[in-house]
>>> print(open('query-v8.tsv').read())   # TSV, C-alpha atoms
chain	number	residue	atom	x	y	z
O	22	MET	CA	116.93	96.40	84.29
O	23	LEU	CA	120.05	94.62	83.03
O	24	ALA	CA	121.11	97.75	81.13
O	25	TYR	CA	120.50	99.82	84.28
O	26	GLN	CA	122.58	97.39	86.35
O	27	GLY	CA	125.23	97.88	83.67
O	28	GLY	CA	125.32	101.63	84.43
O	29	SER	CA	122.95	103.17	81.83
O	30	VAL	CA	121.14	106.34	82.94
O	31	GLU	CA	118.81	106.03	79.92
O	32	ALA	CA	117.77	102.62	81.19
O	33	PHE	CA	116.95	104.19	84.57
O	34	ARG	CA	114.83	106.87	82.83
O	35	ASP	CA	112.96	104.15	80.92
O	36	LEU	CA	112.45	102.12	84.06
O	37	TYR	CA	111.07	105.15	85.88
O	38	GLY	CA	108.74	105.98	83.01
O	39	LEU	CA	107.50	102.42	82.91
O	40	LEU	CA	107.01	101.81	86.63
O	41	ALA	CA	106.33	105.18	88.27
O	42	PRO	CA	102.64	105.50	87.29
O	43	SER	CA	101.56	102.10	88.66
O	44	LEU	CA	103.88	102.33	91.69
O	45	GLY	CA	102.50	105.80	92.43
O	46	ARG	CA	98.94	104.46	92.41
O	47	TYR	CA	99.95	101.60	94.70
O	48	LEU	CA	101.64	103.98	97.15
O	49	ARG	CA	98.65	106.33	97.03
O	50	TYR	CA	96.46	103.37	97.96
O	51	LEU	CA	98.76	102.43	100.86
O	52	THR	CA	99.18	105.96	102.22
O	53	ARG	CA	95.87	107.52	101.05
O	54	ARG	CA	97.77	110.79	100.67
O	55	ARG	CA	99.19	112.08	97.43
O	56	ASP	CA	101.97	114.17	99.01
O	57	VAL	CA	103.22	111.27	101.16
O	58	ALA	CA	102.89	108.85	98.23
O	59	ASP	CA	104.93	111.17	95.99
O	60	ASP	CA	107.71	111.31	98.61
O	61	LEU	CA	107.66	107.54	99.02
O	62	LEU	CA	107.76	107.05	95.26
O	63	GLN	CA	111.04	108.97	95.09
O	64	GLU	CA	112.30	107.06	98.16
O	65	THR	CA	111.38	103.77	96.46
O	66	PHE	CA	113.41	104.64	93.37
O	67	LEU	CA	116.30	105.79	95.55
O	68	GLN	CA	116.23	102.50	97.45
O	69	LEU	CA	115.86	100.63	94.15
O	70	HIS	CA	119.02	102.37	92.98
O	71	ARG	CA	120.92	101.40	96.13
O	72	SER	CA	119.62	97.82	95.94
O	73	ARG	CA	120.01	97.39	92.17
O	74	ALA	CA	122.70	94.73	92.63
O	75	ALA	CA	120.30	92.69	94.79
O	76	TYR	CA	117.86	92.25	91.89
O	77	ASP	CA	118.22	88.81	90.33
O	78	PRO	CA	117.54	89.13	86.55
O	79	ALA	CA	116.27	85.54	86.51
O	80	LEU	CA	113.18	86.67	88.47
O	81	PRO	CA	110.29	88.93	87.32
O	82	LEU	CA	110.92	92.62	87.97
O	83	ALA	CA	107.45	93.89	89.00
O	84	PRO	CA	107.07	91.80	92.22
O	85	TRP	CA	110.54	92.92	93.33
O	86	VAL	CA	109.82	96.61	92.71
O	87	PHE	CA	106.34	96.49	94.27
O	88	GLY	CA	107.79	94.53	97.21
O	89	LEU	CA	110.43	97.25	97.58
O	90	ALA	CA	107.74	99.97	97.51
O	91	ARG	CA	105.77	98.08	100.15
O	92	ASN	CA	108.88	97.82	102.34
O	93	VAL	CA	109.55	101.54	101.91
O	94	PHE	CA	105.96	102.22	103.01
O	95	LEU	CA	106.36	99.93	106.05
O	96	MET	CA	109.62	101.70	106.97
O	97	HIS	CA	107.88	105.05	106.64
O	98	ARG	CA	104.99	103.88	108.80
O	99	ARG	CA	107.37	102.66	111.49
O	100	ARG	CA	109.47	105.80	111.35
O	101	ALA	CA	106.69	108.33	111.40
O	102	SER	CA	104.00	106.40	113.27
O	103	ARG	CA	101.62	108.17	110.99
O	104	PHE	CA	99.36	105.30	110.17
O	105	ALA	CA	96.32	106.85	111.83
O	106	ALA	CA	96.94	110.17	110.12
O	107	VAL	CA	97.65	108.49	106.81
O	108	HIS	CA	94.28	106.78	106.93
O	109	ASP	CA	92.54	109.89	108.08
O	110	ALA	CA	89.01	110.09	106.69
O	111	SER	CA	88.77	113.65	105.46
O	112	GLY	CA	85.37	113.28	103.83
O	113	GLN	CA	86.82	113.55	100.32
O	114	VAL	CA	86.60	110.65	97.89
O	115	PRO	CA	89.72	108.58	98.64
O	116	GLU	CA	92.19	108.09	95.79
O	117	VAL	CA	92.11	104.33	95.63
O	118	PRO	CA	92.11	102.12	92.56
O	119	VAL	CA	89.05	100.02	91.78
O	120	PRO	CA	89.01	96.42	90.47
O	121	PRO	CA	87.83	96.57	86.83
O	122	GLU	CA	85.37	93.73	87.57
O	123	ALA	CA	83.56	96.00	90.06
O	124	GLU	CA	83.29	99.09	87.85
O	125	ALA	CA	79.78	98.21	86.68
O	126	TRP	CA	78.45	97.80	90.21
O	127	ALA	CA	78.20	101.45	91.23
O	128	GLN	CA	79.28	105.03	90.58
O	129	ARG	CA	83.06	105.46	90.75
O	130	ASP	CA	83.11	107.61	93.90
O	131	ARG	CA	80.88	105.15	95.75
O	132	LEU	CA	83.09	102.30	94.59
O	133	GLN	CA	86.21	104.12	95.75
O	134	ARG	CA	84.67	104.73	99.18
O	135	ALA	CA	83.73	101.05	99.40
O	136	VAL	CA	87.27	99.93	98.46
O	137	ALA	CA	88.77	102.40	100.92
O	138	ALA	CA	86.53	101.05	103.68
O	139	LEU	CA	87.75	97.48	103.14
O	140	ASP	CA	90.11	95.96	105.67
O	141	THR	CA	93.63	96.68	104.31
O	142	ASP	CA	94.75	93.08	104.93
O	143	GLN	CA	92.02	91.89	102.56
O	144	ALA	CA	91.98	94.77	100.12
O	145	GLU	CA	95.71	94.68	99.34
O	146	PRO	CA	95.71	91.15	97.82
O	147	LEU	CA	92.48	92.03	95.97
O	148	LEU	CA	93.99	95.13	94.37
O	149	LEU	CA	97.40	93.61	93.69
O	150	HIS	CA	95.67	90.80	91.81
O	151	HIS	CA	92.76	92.55	90.07
O	152	VAL	CA	94.27	95.99	89.43
O	153	TRP	CA	98.00	95.31	88.98
O	154	GLY	CA	97.70	91.76	87.67
O	155	PHE	CA	100.02	89.94	90.07
O	156	SER	CA	99.59	86.21	90.57
O	157	PHE	CA	98.74	85.00	94.07
O	158	GLU	CA	102.21	83.40	94.30
O	159	GLU	CA	103.78	86.80	93.60
O	160	ILE	CA	101.48	88.48	96.14
O	161	ALA	CA	102.53	85.84	98.70
O	162	GLY	CA	106.19	86.76	98.08
O	163	MET	CA	105.44	90.45	98.63
O	164	THR	CA	103.29	90.14	101.72
O	165	GLY	CA	104.56	87.06	103.56
O	166	LEU	CA	101.22	85.24	103.20
O	167	THR	CA	100.74	81.83	101.62
O	168	SER	CA	99.31	82.02	98.10
O	169	ALA	CA	96.16	80.27	99.37
O	170	ALA	CA	95.71	82.91	102.09
O	171	ALA	CA	96.24	85.72	99.55
O	172	ARG	CA	93.61	84.16	97.28
O	173	ALA	CA	91.17	83.72	100.18
O	174	ARG	CA	91.59	87.32	101.38
O	175	SER	CA	91.11	88.63	97.87
O	176	SER	CA	87.92	86.59	97.45
O	177	ARG	CA	86.60	87.75	100.82
O	178	ALA	CA	87.30	91.38	99.93
O	179	MET	CA	85.51	90.98	96.59
O	180	ALA	CA	82.53	89.39	98.37
O	181	VAL	CA	82.38	92.28	100.88
O	182	LEU	CA	82.55	94.76	98.02
O	183	ARG	CA	79.75	92.96	96.19
O	184	ARG	CA	77.58	92.91	99.35
O	185	THR	CA	78.24	96.58	100.10
O	186	LEU	CA	77.28	97.66	96.60
O	187	ALA	CA	74.46	95.18	96.12
O	188	PRO	CA	71.48	97.56	96.60
O	189	GLU	CA	72.68	99.92	93.86
O	190	GLU	CA	73.57	96.98	91.63
O	191	GLY	CA	70.01	95.69	92.02
O	192	ALA	CA	68.52	99.11	91.34
O	193	SER	CA	70.41	99.64	88.10
Y	6	MET	CA	112.63	105.33	75.23
Y	7	SER	CA	109.64	105.13	77.58
Y	8	ALA	CA	106.65	107.43	77.05
Y	9	GLY	CA	106.02	107.58	80.82
Y	10	PRO	CA	106.92	110.42	83.20
Y	11	ALA	CA	110.52	111.57	83.57
Y	12	PRO	CA	112.27	111.17	86.94
Y	13	PRO	CA	112.49	114.36	89.05
Y	14	PRO	CA	115.84	116.19	88.71
Y	15	ASP	CA	116.85	115.51	92.36
Y	16	LEU	CA	116.35	111.78	91.96
Y	17	LEU	CA	118.13	111.71	88.60
Y	18	ALA	CA	121.08	113.64	90.08
Y	19	ALA	CA	121.30	111.17	93.01
Y	20	VAL	CA	121.27	108.25	90.58
Y	21	GLN	CA	123.85	109.81	88.30
Y	22	ARG	CA	126.22	110.44	91.24
Y	23	ASP	CA	126.58	106.68	91.70
Y	24	LEU	CA	125.91	104.86	88.48
Y	25	ALA	CA	128.79	102.39	88.53
Y	26	PRO	CA	127.93	99.05	86.89
Y	27	VAL	CA	126.98	96.36	89.41
Y	28	ALA	CA	127.00	92.58	89.13
Y	29	PRO	CA	123.59	91.09	90.00
Y	30	ARG	CA	123.78	89.15	93.28
Y	31	ARG	CA	121.82	85.93	93.13
Y	32	LEU	CA	120.31	84.50	96.28
Y	33	GLY	CA	122.35	81.29	96.12
Y	34	ARG	CA	125.71	83.01	95.69
Y	35	GLY	CA	125.77	84.55	99.17
Y	36	LEU	CA	124.83	81.22	100.67
Y	37	MET	CA	127.62	79.52	98.70
Y	38	LEU	CA	130.08	81.97	100.25
Y	39	TRP	CA	128.68	81.55	103.76
Y	40	THR	CA	128.51	77.74	103.73
Y	41	PRO	CA	132.30	77.05	103.56
Y	42	LEU	CA	132.84	79.56	106.37
Y	43	ALA	CA	130.29	77.76	108.57
Y	44	ILE	CA	131.73	74.34	107.68
Y	45	LEU	CA	135.22	75.63	108.40
Y	46	ALA	CA	134.10	76.86	111.83
Y	47	CYS	CA	132.17	73.63	112.43
Y	48	ALA	CA	134.99	71.27	111.51
Y	49	GLY	CA	138.04	73.49	112.05
Y	50	LEU	CA	137.58	74.38	115.71
Y	51	PRO	CA	137.33	70.76	116.93
Y	52	VAL	CA	140.43	69.92	114.89
Y	53	VAL	CA	142.38	72.75	116.57
Y	54	VAL	CA	140.94	72.49	120.11
Y	55	GLY	CA	140.24	68.77	120.17
Y	56	ILE	CA	136.99	66.86	119.91
Y	57	ARG	CA	134.83	66.01	122.98
Y	58	ALA	CA	136.23	63.34	125.29
Y	59	ASP	CA	133.28	60.97	124.85
Y	60	ALA	CA	133.44	60.96	121.03
Y	61	ALA	CA	134.40	57.27	121.00
Y	62	VAL	CA	131.32	56.40	123.11
Y	63	LEU	CA	129.01	58.51	120.95
Y	64	GLY	CA	130.37	57.17	117.68
Y	65	ARG	CA	130.64	58.97	114.38
Y	66	TRP	CA	126.90	59.51	113.86
Y	67	TRP	CA	126.14	61.15	117.21
Y	68	THR	CA	129.20	63.41	116.97
Y	69	TRP	CA	129.79	64.47	113.34
Y	70	GLY	CA	126.49	63.22	111.88
Y	71	ALA	CA	124.30	65.09	114.38
Y	72	SER	CA	126.34	68.27	113.91
Y	73	ALA	CA	126.02	67.95	110.13
Y	74	VAL	CA	122.22	67.71	110.47
Y	75	GLN	CA	122.19	70.78	112.71
Y	76	LEU	CA	124.40	72.65	110.24
Y	77	ALA	CA	121.94	71.82	107.44
Y	78	ALA	CA	119.15	73.35	109.57
Y	79	ALA	CA	121.38	76.41	110.13
Y	80	LEU	CA	121.85	76.80	106.36
Y	81	TRP	CA	118.07	76.70	105.87
Y	82	PHE	CA	117.63	79.55	108.34
Y	83	VAL	CA	120.31	81.65	106.65
Y	84	TRP	CA	118.67	80.97	103.28
Y	85	ALA	CA	115.29	81.98	104.77
Y	86	GLY	CA	116.89	85.17	106.13
Y	87	ALA	CA	118.25	85.96	102.67
Y	88	ARG	CA	114.78	85.39	101.16
Y	89	GLU	CA	113.12	87.54	103.82
Y	90	SER	CA	115.55	90.38	103.15
Y	91	ARG	CA	114.66	90.47	99.42
Y	92	PRO	CA	111.56	92.42	98.41
Y	93	GLY	CA	108.95	90.25	96.74
Y	94	ARG	CA	110.56	87.00	97.90
Y	95	ARG	CA	109.20	86.64	101.44
Y	96	LEU	CA	108.39	83.23	102.83
Y	97	PRO	CA	104.95	82.67	104.37
Y	98	VAL	CA	104.79	83.19	108.13
Y	99	THR	CA	103.38	79.66	108.46
Y	100	ALA	CA	106.52	78.18	106.81
Y	101	LEU	CA	108.74	80.18	109.18
Y	102	ALA	CA	106.72	79.05	112.22
Y	103	ALA	CA	106.95	75.42	111.09
Y	104	ALA	CA	110.72	75.77	110.61
Y	105	LEU	CA	111.08	77.32	114.06
Y	106	ILE	CA	109.17	74.46	115.69
Y	107	GLY	CA	111.15	71.94	113.59
Y	108	ALA	CA	114.48	73.45	114.68
Y	109	ALA	CA	113.44	73.41	118.36
Y	110	LEU	CA	112.36	69.77	118.07
Y	111	LEU	CA	115.62	68.91	116.29
Y	112	VAL	CA	117.73	70.46	119.04
Y	113	LEU	CA	115.64	68.70	121.73
Y	114	ALA	CA	115.90	65.35	119.93
Y	115	LEU	CA	119.68	65.63	119.43
Y	116	THR	CA	120.12	66.66	123.08
Y	117	ALA	CA	118.04	63.76	124.37
Y	118	ALA	CA	119.69	61.22	122.06
Y	119	THR	CA	123.21	62.37	122.89
Y	120	PHE	CA	122.44	62.16	126.63
Y	121	ARG	CA	120.97	58.67	126.19
Y	122	VAL	CA	124.08	57.37	124.37
Y	123	SER	CA	126.63	59.11	126.63
Y	124	PRO	CA	125.17	60.58	129.85
Y	125	THR	CA	127.59	63.08	131.40
Y	126	VAL	CA	126.47	65.39	134.19
Y	127	LEU	CA	128.17	68.12	136.19
Y	128	GLY	CA	128.26	67.10	139.85
Y	129	ASP	CA	129.95	69.95	141.72
Y	130	ALA	CA	127.59	72.68	142.97
Y	131	LEU	CA	129.52	75.52	141.32
Y	132	LEU	CA	130.67	73.68	138.20
Y	133	PRO	CA	127.36	73.73	136.27
Y	134	TRP	CA	127.23	77.53	136.44
Y	135	ARG	CA	130.88	77.98	135.41
Y	136	ALA	CA	130.69	75.40	132.60
Y	137	GLY	CA	127.40	76.88	131.46
Y	138	SER	CA	128.81	80.38	131.36
Y	139	PHE	CA	131.91	79.19	129.44
Y	140	CYS	CA	129.84	77.31	126.83
Y	141	PHE	CA	127.38	80.20	126.44
Y	142	LYS	CA	130.12	82.77	125.81
Y	143	GLY	CA	132.10	80.41	123.54
Y	144	SER	CA	129.08	79.54	121.42
Y	145	VAL	CA	128.06	83.20	121.02
Y	146	ALA	CA	131.68	84.07	120.13
Y	147	VAL	CA	131.72	81.42	117.36
Y	148	GLY	CA	128.30	82.58	116.09
Y	149	ALA	CA	129.06	86.31	116.03
Y	150	PRO	CA	131.41	86.33	112.96
Y	151	LEU	CA	129.00	84.07	111.06
Y	152	LEU	CA	126.18	86.48	111.94
Y	153	ILE	CA	128.15	89.53	110.83
Y	154	VAL	CA	129.00	87.92	107.47
Y	155	ALA	CA	125.36	86.90	106.93
Y	156	ALA	CA	124.06	90.31	108.02
Y	157	GLY	CA	126.44	91.98	105.55
Y	158	TRP	CA	123.83	91.09	102.90
Y	159	LEU	CA	121.32	93.26	104.71
Y	160	GLY	CA	123.34	96.39	104.00
Y	161	ARG	CA	122.09	96.54	100.41
Y	162	ALA	CA	118.71	94.91	100.85
Y	163	LEU	CA	115.50	96.39	102.23
Y	164	PRO	CA	113.48	93.78	104.13
Y	165	GLY	CA	109.90	94.58	105.08
Y	166	ALA	CA	110.52	93.23	108.58
Y	167	PRO	CA	114.26	93.76	109.27
Y	168	TRP	CA	114.04	92.21	112.74
Y	169	LEU	CA	112.66	88.99	111.23
Y	170	ALA	CA	115.36	88.76	108.56
Y	171	GLY	CA	118.00	89.47	111.21
Y	172	ALA	CA	116.56	86.91	113.61
Y	173	LEU	CA	116.65	84.29	110.85
Y	174	PHE	CA	120.29	85.13	110.05
Y	175	GLY	CA	121.05	85.11	113.78
Y	176	GLY	CA	119.23	81.84	114.39
Y	177	GLY	CA	121.14	80.25	111.49
Y	178	ALA	CA	124.47	81.56	112.79
Y	179	GLY	CA	123.59	80.39	116.33
Y	180	LEU	CA	122.61	76.91	115.13
Y	181	ALA	CA	125.85	76.63	113.10
Y	182	ALA	CA	127.88	77.78	116.11
Y	183	ASP	CA	126.14	75.27	118.35
Y	184	ALA	CA	126.78	72.51	115.77
Y	185	THR	CA	130.47	73.35	116.34
Y	186	TRP	CA	130.27	73.75	120.10
Y	187	ARG	CA	128.57	70.40	120.70
Y	188	LEU	CA	131.66	68.78	119.11
Y	189	LEU	CA	133.85	70.38	121.80
Y	190	CYS	CA	131.71	70.26	124.95
Y	191	PRO	CA	131.78	66.86	126.71
Y	192	VAL	CA	128.72	67.62	128.88
Y	193	SER	CA	125.50	66.03	127.61
Y	194	ASP	CA	123.34	66.93	130.63
Y	195	PRO	CA	120.12	68.30	128.96
Y	196	TRP	CA	119.86	71.21	131.42
Y	197	HIS	CA	123.38	72.35	130.51
Y	198	VAL	CA	122.86	71.85	126.78
Y	199	LEU	CA	119.48	73.58	126.63
Y	200	ALA	CA	120.30	76.44	128.98
Y	201	SER	CA	123.85	77.26	127.79
Y	202	HIS	CA	123.96	76.06	124.18
Y	203	GLY	CA	120.27	76.73	123.47
Y	204	GLY	CA	120.53	80.07	125.25
Y	205	ALA	CA	123.44	81.00	122.99
Y	206	VAL	CA	121.38	80.21	119.87
Y	207	LEU	CA	118.53	82.41	121.13
Y	208	THR	CA	120.96	85.18	122.08
Y	209	THR	CA	122.54	85.13	118.60
Y	210	ALA	CA	119.05	85.30	117.06
Y	211	VAL	CA	118.20	88.34	119.23
Y	212	LEU	CA	121.54	89.96	118.32
Y	213	GLY	CA	120.69	89.38	114.64
Y	214	ALA	CA	117.29	91.03	115.05
Y	215	VAL	CA	118.82	94.07	116.79
Y	216	LEU	CA	121.63	94.35	114.23
Y	217	ALA	CA	119.16	94.20	111.33
Y	218	GLU	CA	116.98	96.93	112.85
Y	219	VAL	CA	120.04	99.14	113.36
Y	220	VAL	CA	121.17	98.58	109.75
Y	221	ALA	CA	117.64	99.30	108.43
Y	222	ARG	CA	117.30	102.52	110.44
Y	223	TRP	CA	120.74	103.67	109.32
Y	224	ARG	CA	119.80	102.94	105.74
Y	225	VAL	CA	116.58	104.93	105.91
Y	226	ALA	CA	118.33	107.81	107.71
Y	227	ARG	CA	121.03	107.96	104.98
Y	228	ARG	CA	119.08	109.87	102.36
Y	229	GLY	CA	120.07	111.65	99.18
>>> encode(input="query-v8.tsv", output="structure tokens")
Amino acid sequence: MLAYQGGSVEAFRDLYGLLAPSLGRYLRYLTRRRDVADDLLQETFLQLHRSRAAYDPALPLAPWVFGLARNVFLMHRRRASRFAAVHDASGQVPEVPVPPEAEAWAQRDRLQRAVAALDTDQAEPLLLHHVWGFSFEEIAGMTGLTSAAARARSSRAMAVLRRTLAPEEGAS
Amino acid sequence: MSAGPAPPPDLLAAVQRDLAPVAPRRLGRGLMLWTPLAILACAGLPVVVGIRADAAVLGRWWTWGASAVQLAAALWFVWAGARESRPGRRLPVTALAAALIGAALLVLALTAATFRVSPTVLGDALLPWRAGSFCFKGSVAVGAPLLIVAAGWLGRALPGAPWLAGALFGGGAGLAADATWRLLCPVSDPWHVLASHGGAVLTTAVLGAVLAEVVARWRVARRG
């Protein structure tokens, strides 16, 4: 990031290669639509470019970039008022990531449906922690929650997931 | 070289169009630039215009000391606004609510204490309205430049809730302006102070929220 702030286009390419896959998955989770997520991914990197001076190298990069992506999504949601459409249940298996701890509980498509059905307020801390590896302090900085609230929501979401998938877990 | 995907050509072209080196802006640096400006407004205006007539009755603590405490609260709000405007650095809503209640209690306590030490009321039927209007406009006028300087940081940031970041900047600017104005205004009547001075703080906070929303919408609209 320092090299990129210094004006290196190669550093930007490296940064994109490093961050785009996980950011893309995060945006696909938030929007539930690949085409919208792809647009927002480009918008995130454009905003990152405009805001590159605002990044403090003393702080970790991932929470800043994910926070930026989240803000881009919130801007998009406000601008387009598409939240209902974005979360449109089309009957297909939603493209959402799954906590690795839950992978043994059920078939992947059933797991994905269960994660997609979770309340977004609870599921977001769960996924940010278990899928992308952020600490609850970092999640608090991204979402405006306290770290205790982020931890509690994540635990509640995991408990709901466990309850939802319990019959199949017992059968296997 | 990263093994990940390459950026799309449009994005790369946009980045390459403006790839000038930038100096990283730390959170504290903006505040260090804003603080002298606020102190200058807080101390400079009374020096030029003249301090309130009952300063001798109030003593040093209830004039300068109380304003210094209020200015410290203003700096906290500006710092919170700067945090809120940085992705990944948001403060919990509970901390912001506690600060809001704390600031309201601080203003109430300073108003009550100042009135207890030096009670001055406006007797004439028309005077309270005219004095109130004068203090309201003056306080907003002192707060506006402080707000604009603070909100300048928003131009290159992308807060998740622009109105909240702007309201925090505005509240900080309003509190700093009121810390100045209470050094000039000789009226300690709580109704005057809360309606005119407090109203100016709230107005500056609302102006900050509106300004931040305008800046955010402009930023999103300016694509490519």
>>> closest_atom_pairs(input="query-v8.tsv", of="chain Y", to="chain O", cutoff="7 Å", atoms="all atoms listed in the file", output="tab-separated table")
residue	atom	partner	partner_atom	distance
Y:Met6	CA	O:Asp35	CA	5.8
Y:Ser7	CA	O:Asp35	CA	4.8
Y:Ala8	CA	O:Gly38	CA	6.5
Y:Gly9	CA	O:Gly38	CA	3.8
Y:Pro10	CA	O:Gly38	CA	4.8
Y:Ala11	CA	O:Gly38	CA	5.9
Y:Pro12	CA	O:Tyr37	CA	6.2
Y:Leu16	CA	O:Gln63	CA	6.8
Y:Val20	CA	O:His70	CA	6.7
Y:Gln21	CA	O:Val30	CA	6.9
Y:Leu24	CA	O:Gly28	CA	5.2
Y:Ala25	CA	O:Gly28	CA	5.4
Y:Pro26	CA	O:Gly27	CA	4.4
Y:Val27	CA	O:Gln26	CA	5.5
Y:Ala28	CA	O:Ala74	CA	5.9
Y:Pro29	CA	O:Ala74	CA	4.6
Y:Arg30	CA	O:Ala75	CA	5.2
Y:Arg31	CA	O:Asp77	CA	5.4
Y:Pro92	CA	O:Gly88	CA	4.5
Y:Gly93	CA	O:Met163	CA	4.0
Y:Arg94	CA	O:Gly162	CA	4.4
Y:Arg95	CA	O:Gly162	CA	4.5
Y:Leu96	CA	O:Gly165	CA	5.5
Y:Pro97	CA	O:Gly165	CA	4.5
Y:Val98	CA	O:Gly165	CA	6.0
Y:Arg161	CA	O:Ser72	CA	5.3
Y:Ala162	CA	O:Ser72	CA	5.8
Y:Leu163	CA	O:Asn92	CA	6.8
Y:Pro164	CA	O:Asn92	CA	6.4
Y:Gly165	CA	O:Asn92	CA	4.4
>>> atom_distance(input="query-v8.tsv", atom1="CA of Val154 (chain Y)", atom2="CA of His197 (chain Y)")
28.4 Å
>>> residues_around(input="query-v8.tsv", residues="Gln143 (chain O)", least_positions_apart="5", cutoff="9 Å", atoms="only C-alpha atoms", output="number ranges by chain")
O: 171, 173-179
>>> write_last_selection(input="query-v8.tsv", atoms="C-alpha atoms", output="tab-separated table (two decimals), in the frame of the given file")
chain	number	residue	atom	x	y	z
O	171	ALA	CA	96.24	85.72	99.55
O	173	ALA	CA	91.17	83.72	100.18
O	174	ARG	CA	91.59	87.32	101.38
O	175	SER	CA	91.11	88.63	97.87
O	176	SER	CA	87.92	86.59	97.45
O	177	ARG	CA	86.60	87.75	100.82
O	178	ALA	CA	87.30	91.38	99.93
O	179	MET	CA	85.51	90.98	96.59
>>> residues_near_point(input="query-v8.tsv", point="(132.7, 79.3, 119.7)", cutoff="10 Å", atoms="only C-alpha atoms", output="PyMOL selection string")
chain Y and resi 46-47+50+139-150+179+181-187+189+205
>>> atom_distance(input="query-v8.tsv", atom1="CA of Gly35 (chain Y)", atom2="CA of Ala155 (chain Y)")
8.1 Å
>>> closest_residue(input="query-v8.tsv", among="O:Arg129, O:His150, O:Arg98, O:Arg183", to="Thr52 (chain O)", atoms="all atoms listed in the file")
O:Arg98
>>> closest_residue(input="query-v8.tsv", among="Y:Ala114, Y:Leu105, Y:Leu188, Y:Leu212", to="Ile56 (chain Y)", atoms="all atoms listed in the file")
Y:Leu188
>>> atom_distance(input="query-v8.tsv", atom1="CA of Pro195 (chain Y)", atom2="CA of Ala100 (chain Y)")
27.8 Å
